[in-house]
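*Asks:* Handing you a structure now.
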Amino acid sequence: MSLIKCNKCGEMFSDSYKECPFCLEDEEFNGGRKPRNPGRRVQKPKAPSILGPAMLVVVLLLAGYLVYTFLGTDIAKWFDGDEDKPGIDQPVQGDDQPGKDEGNEGEDDPTQPTATVTLDKSNLVLEAGKSEQLTAAGAEGITFHSSDEAVATVDAAGKVTAVSVGSATITASAEGATSAACVVTVNPAPKKLVLQSIYGTKNDISIKVGGVAPMMVDGTDSTIQWSMENSSIASVDSKGNVKGLRNGKTKVIATVDGQTLTCIIRVN
């Protein structure tokens, strides 16, 4: 068996055919008939390809992964109701809400103080038993209050009296006004010291020219500093011995424990 080339269509066919099967097939197609032995004119149906659907699935999976990576947390909160939905404008909460406080600009807040109380002193240092006046201004109906009346008291006029050693705060206040304060520090009262001589506790003694009057301070063991107002009339030594020098009047001065005590000396 050998192949023969058709002179009409140019196709090669087996010499077992009496006529060119390709030409016969063309005639049957052209005549509207189904070929008995279909050849090149009829192809077997191809099997459908799965490449397209597979690519579509891959693209969808990739898109879903990207969305979850960047927006997964926000979307979860959205469905849980924890946050406002994306893209939906929500009313602004707080002081910036539209319409809030409209028309109130420039009006005074009734809860804010409209005046300020002032005091002429912000600190006081007093000895126990001493008093000092505080002066307040800036508002009507000012009242005074002590934080510790065992240390210092204050009356309705602002007079402060030191009671005992310590610290207290005096506050001056009025309705609708900012208050003012003064810190009071109370120190111990000085010891009661008495300057005396052999003539007793009189603060006016007389001695003769050339006479000596020993002086002393009762109530302290501290060292006493002695001096004389006019040393030409009388003199005093470091032990407090006063000696008359000439007729006249002067003073002997004793300084001790922060106090100054004096006694008149008359020399005859």
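FYI, nothing fancy with the structure tokens labels: chains A, B, ... in order, residues from 1 per chain, ligands from 1 as they appear.
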Within 9 Å of segment 218-229 of chain A, counting only C-alpha atoms, which residues qualify if same-chain residues fewer than 2 places away don't, as a ChimeraX atom specification?
*Replies:* /A:191-196,216,231,234-240,242,250-257
*Asks:* Excluding Thr118 of chain A and residues on its chain fewer than 2 positions from it, collect all residues at most 9 Å away from it, counting only C-alpha atoms, and give them as a compact mmCIF listing (two decimals) with N, CA, C and O atoms, in the first residue's frame.
*Replies:*
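Output below, filename result-v6.txt:
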```txt
# COMPACT_ATOMS: atom_id res chain seq x y z
N THR A 116 -12.08 88.48 93.94
CA THR A 116 -10.92 87.87 94.61
C THR A 116 -10.66 88.57 95.93
O THR A 116 -10.49 89.79 95.96
N ASP A 120 -3.61 91.68 103.52
CA ASP A 120 -2.42 92.52 103.54
C ASP A 120 -1.17 91.76 103.97
O ASP A 120 -0.05 92.23 103.78
N LYS A 121 -1.34 90.55 104.52
CA LYS A 121 -0.20 89.73 104.92
C LYS A 121 -0.46 88.29 104.52
O LYS A 121 -1.58 87.78 104.65
N THR A 135 -5.93 92.64 107.47
CA THR A 135 -6.88 93.46 106.72
C THR A 135 -7.21 92.78 105.41
O THR A 135 -6.31 92.47 104.61
N ALA A 136 -8.51 92.54 105.18
CA ALA A 136 -8.96 91.88 103.95
C ALA A 136 -9.73 92.86 103.08
O ALA A 136 -10.35 93.81 103.57
N ALA A 137 -9.68 92.64 101.77
CA ALA A 137 -10.39 93.49 100.81
C ALA A 137 -10.74 92.67 99.58
O ALA A 137 -10.30 91.53 99.42
N GLY A 138 -11.54 93.28 98.69
CA GLY A 138 -11.85 92.64 97.40
C GLY A 138 -13.24 92.09 97.27
O GLY A 138 -13.65 91.70 96.17
N ALA A 139 -14.00 92.00 98.36
CA ALA A 139 -15.35 91.46 98.27
C ALA A 139 -16.16 91.92 99.48
O ALA A 139 -15.62 92.44 100.45
N ALA A 172 -9.48 83.99 104.64
CA ALA A 172 -10.50 85.02 104.45
C ALA A 172 -11.29 84.67 103.20
O ALA A 172 -10.70 84.49 102.12
N THR A 178 -12.87 84.26 95.21
CA THR A 178 -11.70 83.44 95.50
C THR A 178 -11.13 83.84 96.85
O THR A 178 -10.94 85.02 97.12
N SER A 179 -10.87 82.87 97.71
CA SER A 179 -10.41 83.15 99.08
C SER A 179 -8.91 83.46 99.12
O SER A 179 -8.18 83.20 98.17
N ALA A 180 -8.46 84.01 100.27
CA ALA A 180 -7.05 84.31 100.50
C ALA A 180 -6.65 83.70 101.83
O ALA A 180 -7.50 83.46 102.70
N ALA A 181 -5.35 83.44 102.02
CA ALA A 181 -4.89 82.77 103.23
C ALA A 181 -3.63 83.42 103.77
O ALA A 181 -2.83 84.00 103.01
```
*Asks:* Determine, counting only C-alpha atoms, which protein, DNA and RNA residues have an atom within 8 Å of an atom of Gly210 of chain A; residues of the same chain fewer than 3 positions away are not included. Present the result as JSON, numbers by chain.
*Replies:* {"A": [243, 244, 245]}
*Asks:* In Å, how far is it from atom CA of Lys202 of chain A to atom CA of Asn187 of chain A?
*Replies:*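 Going from atom CA of Lys202 of chain A over to atom CA of Asn187 of chain A covers 29.4 Å.
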*Asks:* I need the residues of segment 119-258 of chain A that end up classed as strand (DSSP E) by DSSP on the backbone, written out as a ChimeraX atom specification.
*Replies:* /A:119,123-127,131-133,136-137,143-146,152-154,159-162,166-173,177-178,180-187,194-197,204-207,212-218,225-228,234-236,241-244,248-256
*Asks:* When you look at Thr161 of chain A with a cut-off of 10 Å (counting only C-alpha atoms), what residues show up, excluding the ones that are within fewer than 4 positions of it in the same chain? I need them as a list of chain:residue names.
*Replies:*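 My list of contacting residues is A:Leu126, A:Glu127, A:Ala128, A:Gly129, A:Lys130, A:Ser131, A:Glu132, A:Gln133, A:Glu149, A:Val151, A:Ala152, A:Thr153, A:Val154, A:Asp155, A:Val184, A:Val186.
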*Asks:* Pick from A:Ile198, A:Leu261, A:Leu124, A:Cys9: nearest to Ala168 of chain A, with only C-alpha atoms counted?
*Replies:*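 Among the listed residues, the smallest separation from Ala168 of chain A belongs to A:Leu124.
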